[in-house]
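Shown below: my_file34.txt, with compact mmCIF, C-alpha atoms.
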```txt
# COMPACT_ATOMS: atom_id res chain seq x y z
CA MET A 1 37.12 114.99 33.99
CA GLY A 2 35.91 118.23 35.51
CA THR A 3 32.82 120.09 36.65
CA VAL A 4 29.81 121.45 34.84
CA GLY A 5 29.80 125.21 34.34
CA THR A 6 30.85 127.86 31.86
CA SER A 7 31.43 130.97 33.97
CA ALA A 8 34.83 132.62 33.75
CA ASP A 9 35.56 131.79 37.41
CA GLU A 10 34.69 128.13 36.92
CA ILE A 11 36.79 127.90 33.79
CA PHE A 12 39.80 129.52 35.45
CA GLY A 13 39.21 127.38 38.54
CA GLU A 14 40.28 124.34 36.52
CA ARG A 15 43.81 125.75 36.12
CA ARG A 16 45.20 124.20 39.29
CA GLN A 17 44.07 120.72 38.27
CA LEU A 18 45.39 121.18 34.75
CA ILE A 19 48.83 122.34 35.99
CA ASN A 20 49.01 119.28 38.26
CA VAL A 21 48.16 116.92 35.42
CA ALA A 22 50.52 118.58 32.95
CA TYR A 23 53.53 118.69 35.31
CA ARG A 24 53.24 114.98 36.05
CA LEU A 25 52.95 114.24 32.36
CA LEU A 26 55.85 116.46 31.28
CA GLY A 27 58.16 116.81 34.29
CA SER A 28 58.56 120.50 33.46
CA VAL A 29 56.85 123.44 35.14
CA THR A 30 57.51 125.66 32.12
CA GLU A 31 56.16 123.18 29.60
CA ALA A 32 53.18 122.40 31.85
CA GLU A 33 52.27 126.09 32.01
CA ASP A 34 52.62 126.40 28.22
CA ALA A 35 50.39 123.35 27.67
CA VAL A 36 47.70 124.72 29.96
CA GLN A 37 47.87 128.16 28.35
CA ASP A 38 47.49 126.50 24.95
CA ALA A 39 44.43 124.57 26.17
CA TYR A 40 42.82 127.78 27.47
CA ALA A 41 43.59 129.55 24.20
CA ARG A 42 41.76 126.79 22.35
CA TRP A 43 38.80 127.07 24.72
CA TYR A 44 38.47 130.82 24.27
CA GLY A 45 38.92 130.35 20.53
CA LEU A 46 35.72 128.32 20.37
CA PRO A 47 32.53 130.08 19.21
CA ARG A 48 30.25 130.93 22.10
CA GLY A 49 27.66 128.47 20.85
CA ARG A 50 30.17 125.64 20.87
CA GLN A 51 31.25 126.51 24.42
CA GLU A 52 27.66 126.34 25.58
CA GLU A 53 27.29 122.85 24.06
CA ILE A 54 30.12 121.53 26.26
CA LEU A 55 28.52 120.30 29.47
CA SER A 56 31.82 119.90 31.34
CA PRO A 57 34.44 122.50 30.42
CA GLY A 58 36.80 120.94 32.98
CA ALA A 59 36.60 117.61 31.17
CA TRP A 60 37.16 119.33 27.83
CA LEU A 61 40.16 121.28 29.14
CA THR A 62 41.71 118.18 30.74
CA THR A 63 41.31 116.20 27.52
CA VAL A 64 42.84 118.97 25.42
CA THR A 65 45.69 119.57 27.89
CA SER A 66 46.47 115.84 27.98
CA ARG A 67 46.51 115.66 24.17
CA ILE A 68 48.88 118.64 24.03
CA CYS A 69 51.13 116.92 26.58
CA LEU A 70 50.98 113.70 24.58
CA ASP A 71 52.23 115.55 21.50
CA LEU A 72 54.97 117.23 23.54
CA LEU A 73 56.07 113.89 24.99
CA GLY A 74 56.29 112.48 21.48
CA SER A 75 58.65 115.25 20.37
CA ALA A 76 60.53 115.44 23.68
CA ARG A 77 62.59 112.33 23.00
CA ALA A 78 64.04 113.85 19.85
CA ARG A 79 64.74 117.13 21.67
CA ARG A 80 66.42 115.33 24.55
CA GLU A 81 68.71 113.47 22.19
CA ARG A 82 70.19 116.90 21.45
CA TYR A 83 70.23 117.91 25.12
CA VAL A 84 73.71 118.38 26.57
CA GLY A 85 74.21 115.76 29.28
CA ALA A 86 71.44 114.10 31.28
CA TRP A 87 67.89 115.51 31.32
CA LEU A 88 66.12 115.63 34.68
CA PRO A 89 62.64 116.87 35.64
CA GLU A 90 62.37 120.38 37.06
CA PRO A 91 62.64 120.33 40.88
CA LEU A 92 59.76 121.84 42.84
CA PRO A 93 60.02 123.93 46.00
CA ASP A 94 57.53 123.66 48.85
CA ARG A 95 55.45 126.83 48.80
CA ALA A 96 55.03 126.70 52.58
CA GLU A 97 58.75 127.44 52.94
CA TRP A 98 58.52 130.58 50.82
CA ASP A 99 55.40 131.72 52.68
CA HIS A 100 57.16 131.15 56.01
CA ALA A 101 60.16 133.11 54.80
CA GLY A 102 57.98 135.93 53.51
CA GLY A 103 59.13 135.30 49.94
CA ALA A 104 55.74 134.62 48.40
CA ASP A 105 53.45 137.51 47.58
CA PRO A 106 49.86 136.43 48.24
CA THR A 107 48.54 139.38 46.22
CA GLY A 108 50.64 138.61 43.16
CA PRO A 109 49.90 136.24 40.28
CA ALA A 110 50.01 132.55 41.11
CA ASP A 111 53.26 130.84 40.18
CA PRO A 112 52.51 127.51 38.43
CA ALA A 113 54.91 125.75 40.81
CA ASP A 114 52.84 127.01 43.75
CA GLN A 115 49.77 125.18 42.46
CA ILE A 116 51.29 121.72 42.20
CA VAL A 117 50.27 119.35 44.97
CA LEU A 118 53.40 117.79 46.46
CA ASP A 119 52.82 114.07 46.96
CA GLU A 120 54.54 110.81 46.05
CA SER A 121 53.54 111.24 42.39
CA VAL A 122 55.95 114.20 42.02
CA ALA A 123 58.87 112.72 43.97
CA MET A 124 61.97 112.93 41.81
CA ALA A 125 62.48 109.17 41.90
CA PHE A 126 58.94 108.66 40.62
CA LEU A 127 59.28 111.27 37.86
CA VAL A 128 62.51 109.66 36.68
CA VAL A 129 60.71 106.30 36.36
CA LEU A 130 57.99 108.03 34.33
CA GLU A 131 60.68 109.06 31.85
CA SER A 132 61.19 105.38 30.97
CA MET A 133 57.59 105.04 29.76
CA THR A 134 56.26 105.59 26.27
CA PRO A 135 54.15 108.76 25.91
CA ALA A 136 50.93 106.74 25.71
CA GLU A 137 51.87 104.66 28.78
CA ARG A 138 52.64 107.77 30.76
CA VAL A 139 49.35 109.46 29.88
CA ALA A 140 47.29 106.35 30.63
CA PHE A 141 49.09 105.71 33.91
CA ILE A 142 49.02 109.27 35.22
CA LEU A 143 45.40 109.92 34.31
CA HIS A 144 44.16 106.59 35.70
CA ASP A 145 46.44 105.65 38.59
CA VAL A 146 47.19 109.15 39.88
CA PHE A 147 44.07 111.13 38.98
CA ARG A 148 41.58 108.23 38.85
CA TYR A 149 40.07 109.06 35.48
CA PRO A 150 38.17 106.14 33.91
CA PHE A 151 39.65 104.41 30.88
CA VAL A 152 36.66 105.37 28.75
CA GLU A 153 37.69 109.04 29.13
CA ILE A 154 41.39 108.27 28.71
CA ALA A 155 40.52 106.53 25.45
CA ASP A 156 39.26 109.86 24.14
CA VAL A 157 42.64 111.43 24.93
CA LEU A 158 44.74 108.69 23.35
CA GLY A 159 42.43 107.82 20.48
CA ARG A 160 42.43 104.15 21.51
CA THR A 161 39.93 101.73 22.99
CA PRO A 162 39.41 101.64 26.76
CA ALA A 163 40.83 98.10 26.76
CA ALA A 164 43.99 99.27 25.01
CA CYS A 165 44.36 102.13 27.51
CA LYS A 166 43.99 99.65 30.37
CA GLN A 167 46.84 97.60 28.90
CA LEU A 168 49.00 100.71 28.58
CA ALA A 169 48.44 101.57 32.23
CA ALA A 170 49.25 98.00 33.25
CA SER A 171 52.50 98.11 31.28
CA ALA A 172 53.43 101.42 32.94
CA ARG A 173 52.54 99.98 36.34
CA ARG A 174 55.03 97.16 35.82
CA ARG A 175 57.78 99.72 35.20
CA VAL A 176 56.91 101.44 38.48
CA SER A 177 56.74 98.15 40.40
CA VAL A 178 60.38 97.29 39.68
CA ALA A 179 61.56 100.63 41.10
CA PRO A 180 62.57 100.67 44.79
CA ALA A 181 59.78 101.57 47.19
CA PRO A 182 60.02 105.23 48.27
CA VAL A 183 61.27 106.03 51.76
CA ALA A 184 59.03 108.23 53.88
CA ALA A 185 60.21 111.82 54.17
CA THR A 186 60.75 111.39 57.90
CA GLY A 187 63.15 108.52 57.24
CA GLN A 188 65.13 110.58 54.75
CA THR A 189 65.53 113.78 56.75
CA ASP A 190 68.33 112.60 59.04
CA VAL A 191 70.32 111.03 56.20
CA VAL A 192 70.15 114.20 54.09
CA ARG A 193 71.12 116.31 57.11
CA HIS A 194 74.16 114.13 57.76
CA VAL A 195 75.15 114.39 54.08
CA LYS A 196 74.91 118.18 54.33
CA GLU A 197 77.08 118.28 57.46
CA ALA A 198 79.73 115.96 56.00
CA TRP A 199 79.75 117.90 52.73
CA GLU A 200 80.20 121.21 54.55
CA THR A 201 83.14 119.87 56.56
CA LYS A 202 84.56 117.98 53.56
CA ASP A 203 84.50 114.80 55.62
CA ILE A 204 84.98 112.33 52.81
CA GLU A 205 85.00 109.22 55.01
CA THR A 206 81.64 110.13 56.54
CA LEU A 207 80.24 110.85 53.10
CA ILE A 208 81.36 107.45 51.85
CA GLY A 209 79.63 105.86 54.83
CA LEU A 210 76.39 107.69 54.04
CA LEU A 211 76.42 106.59 50.39
CA ASN A 212 75.51 103.15 49.16
CA PRO A 213 78.59 101.62 47.45
CA ALA A 214 76.49 101.31 44.28
CA ALA A 215 75.03 104.82 44.52
CA VAL A 216 74.60 106.87 41.34
CA MET A 217 74.62 110.65 40.96
CA THR A 218 73.08 112.23 37.85
CA ALA A 219 73.49 115.94 37.10
CA ASP A 220 71.58 118.21 34.72
CA GLY A 221 73.30 121.38 33.63
CA GLY A 222 71.71 121.58 30.20
CA GLY A 223 75.00 122.72 28.70
CA MET A 224 74.47 126.10 30.40
CA VAL A 225 76.64 125.53 33.48
CA GLY A 226 79.52 123.22 34.24
CA THR A 227 78.70 119.76 35.55
CA VAL A 228 79.42 116.12 34.85
CA LEU A 229 77.81 114.97 31.60
CA ARG A 230 77.57 111.31 32.61
CA PRO A 231 76.32 109.76 35.85
CA VAL A 232 78.92 109.34 38.59
CA GLU A 233 78.76 105.77 39.85
CA GLY A 234 79.92 104.42 43.21
CA GLY A 235 79.74 105.92 46.67
CA THR A 236 83.47 106.63 46.88
CA ARG A 237 83.60 108.44 43.54
CA ILE A 238 80.52 110.50 44.41
CA ALA A 239 82.01 111.50 47.78
CA GLN A 240 85.27 112.52 46.11
CA TYR A 241 83.35 114.57 43.54
CA MET A 242 81.30 116.33 46.23
CA VAL A 243 84.41 117.31 48.19
CA ALA A 244 86.12 118.52 45.01
CA ILE A 245 83.11 120.74 44.27
CA ALA A 246 83.26 122.17 47.80
CA ASP A 247 86.95 122.98 47.28
CA LYS A 248 86.20 124.79 44.01
CA ALA A 249 83.29 126.83 45.36
CA PRO A 250 84.31 128.64 48.55
CA GLY A 251 81.41 130.41 50.19
CA LEU A 252 78.87 127.88 48.94
CA GLU A 253 75.94 127.74 51.36
CA LEU A 254 74.01 124.48 51.79
CA LEU A 255 70.38 124.62 52.91
CA GLU A 256 68.00 121.83 53.84
CA ARG A 257 64.89 122.24 51.72
CA SER A 258 61.91 120.22 50.59
CA VAL A 259 62.44 119.19 46.97
CA ASN A 260 59.39 117.71 45.26
CA GLY A 261 57.94 117.02 48.68
CA MET A 262 61.01 115.15 49.99
CA PRO A 263 64.05 116.30 52.03
CA GLY A 264 66.73 117.69 49.73
CA LEU A 265 69.53 120.22 49.59
CA VAL A 266 69.86 123.61 47.94
CA ALA A 267 73.28 125.11 47.22
CA ARG A 268 73.33 128.90 47.22
CA HIS A 269 76.18 131.25 46.38
CA THR A 270 76.02 134.99 47.10
CA GLY A 271 72.28 134.65 47.57
CA VAL A 272 71.65 132.88 44.25
CA VAL A 273 70.43 129.28 44.06
CA MET A 274 72.97 127.39 41.96
CA THR A 275 71.99 123.76 42.56
CA VAL A 276 69.03 121.75 43.81
CA ALA A 277 69.72 118.15 44.86
CA SER A 278 67.18 115.35 45.35
CA PHE A 279 67.94 112.08 47.11
CA ASP A 280 66.72 108.51 47.17
CA VAL A 281 67.47 106.66 50.40
CA SER A 282 67.33 102.96 51.22
CA ASP A 283 68.35 101.25 54.48
CA GLY A 284 69.76 104.51 55.83
CA ARG A 285 72.06 105.16 52.87
CA VAL A 286 71.77 107.33 49.79
CA THR A 287 71.26 105.26 46.63
CA ARG A 288 70.55 108.02 44.10
CA ILE A 289 71.29 111.73 43.87
CA TRP A 290 69.72 113.92 41.21
CA VAL A 291 71.41 117.30 40.82
CA VAL A 292 69.74 120.05 38.80
CA ARG A 293 71.98 122.99 37.86
CA ASN A 294 70.32 124.16 34.64
CA PRO A 295 69.31 127.73 35.60
CA GLU A 296 66.21 127.55 33.41
CA LYS A 297 64.93 124.74 35.63
CA LEU A 298 65.65 126.66 38.83
CA ARG A 299 63.32 129.59 38.18
CA PRO A 300 60.76 128.47 40.81
CA TRP A 301 63.62 128.69 43.34
CA ALA A 302 64.48 132.31 42.57
CA ARG A 303 62.65 133.49 45.67
CA GLU A 304 65.09 131.48 47.78
CA GLY A 305 67.62 134.16 46.98
```
Target encoding structure tokens, full file:
Amino acid sequence: MGTVGTSADEIFGERRQLINVAYRLLGSVTEAEDAVQDAYARWYGLPRGRQEEILSPGAWLTTVTSRICLDLLGSARARRERYVGAWLPEPLPDRAEWDHAGGADPTGPADPADQIVLDESVAMAFLVVLESMTPAERVAFILHDVFRYPFVEIADVLGRTPAACKQLAASARRRVSVAPAPVAATGQTDVVRHVKEAWETKDIETLIGLLNPAAVMTADGGGMVGTVLRPVEGGTRIAQYMVAIADKAPGLELLERSVNGMPGLVARHTGVVMTVASFDVSDGRVTRIWVVRNPEKLRPWAREG
């Protein structure tokens, strides 16, 4: 888990990998950054002699970061029981869009969200499935199936035998296998664009046609902004809700944006990002919509404004 070397540059060079691991484990950019900062604090808290004994600082940092995430996952369930409404992972922007728009400052400090590799393992649908796993399953699955770490090293993180870690990953894999196969981004672009157009024109019949009759919309406001506290079920009800929102928010601007590496929508009002929506599409129709409105989870999108 990492590379040999103890220079400051080599140690800091592990940060990108650690942020990627931690975000997939926690589903939160903020918590991932905190976990990585904690791991670095522990590294720099070691006596110099102890640091020199560690042949692979990257492996040490990954192990410590994963253990911190494991502890956070264990306490997260209790915290989320007190969370107002549904809890969703933090949506990620595509850095290329900010660079293209001139919003990113290449000379400034790196935003943690900028360092996360956008692939199928951070798609919102995938992250939501990860939430159904036990903390140990999630750690074993992410480290092995996503980052290809051997079970003998994962065993050191979880404090279990390699065989037990293999079983945990297999159990997690079964949870993933029952989820619908992801649609390629190219196959989702047109559907999301049509949803945007119908939403803008308040064309409820077209919206209903674009939504699977059994579609589900889940919203996360965190109790900080108004939104539905329970999932909205059924294509017709979702379409009615979307049109009602458009009626209540004149001047709302909808933008097509990459969300966690997939086509999504951003709702902006007076230059401020208010909502980020992710979609799951099957057979040309939307089956799931995940709407994040909690402003604390929209900080990586501030540059959009």
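Between atom CA of Ala215 of chain A and atom CA of Thr287 of chain A there is a distance of 4.3 Å.
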Requested in this report: Might you pull out every residue within 9 Å of segment 37-48 of chain A, with only C-alpha atoms counted and same-chain residues fewer than 6 positions away left off, and present them as a list in words?
Outcome: Ile11, Phe12, Arg15, Pro57, Trp60, Leu61, Thr62, Val64, Thr65 and Ile68 of chain A
Query raised in the report: How far is it from atom CA of Asp247 of chain A to atom CA of Thr201 of chain A, in Å with one decimal?
Result: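 Between atom CA of Asp247 of chain A and atom CA of Thr201 of chain A the gap is 10.5 Å.
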Query raised in the report: If we count only C-alpha atoms, what is near Pro231 of chain A at a cut-off of 9 Å, once residues fewer than 6 positions away on the same chain are taken out, given as a PyMOL selection string?
Result: chain A and resi 86+216-219
Query - For atom CA of Gly264 of chain A and atom CA of Trp301 of chain A, the interatomic separation in Å (one decimal) - result: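 Rounded to one decimal, the two atoms are 13.1 Å apart.
Closest to Gly159 of chain A among A:Lys248, A:Thr63, A:Glu296, A:Ala267 is A:Thr63, based on only C-alpha atoms.
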Query raised in the report: Which residues, written as a PyMOL selection string, have at least one atom at most 12 Å from Gly187 of chain A, with all atoms listed in the file counted and residues fewer than 3 positions away on the same chain left out?
Result: chain A and resi 182-184+190-193+262-263+279-286
Query raised in the report: How would you write as number ranges by chain the residues that get within 10 Å of (73.8, 131.5, 44.6) in the file's frame, counting all atoms listed in the file?
Result: A: 251-253, 266-275, 302, 304-305
Query raised in the report: So which residues touch Val228 of chain A within 12 Å, counting all atoms listed in the file, skipping near sequence neighbours fewer than 6 positions away, as an MDAnalysis selection string?
Result: chainID A and resid 84:86 217:222 238 241:242 245 290:293
Segment 190-201 of chain A, all listed atoms, 6 Å padding on each side: what axis-aligned box centre and edge lengths in Å to one decimal come out, as lines of an AutoDock Vina configuration file?
```
center_x = 75.7
center_y = 116.1
center_z = 55.9
size_x = 26.8
size_y = 22.2
size_z = 18.3
```
Query - Using only C-alpha atoms: which of A:Asp114, A:Trp87, A:Asp71, A:Leu265 has the shortest distance to Arg230 of chain A - result: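 Checking each of A:Asp114, A:Trp87, A:Asp71, A:Leu265 against Arg230 of chain A, counting only C-alpha atoms, the winner is A:Trp87.
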Report task. Write out as an NGL selection string the residues lying within 9 Å of segment 121-125 of chain A, counting all atoms listed in the file and excluding same-chain residues fewer than 6 positions away. Result -> :A and (23-24 or 27 or 88-92 or 142 or 146 or 179-180 or 182 or 259-262 or 278-280 or 288 or 290)
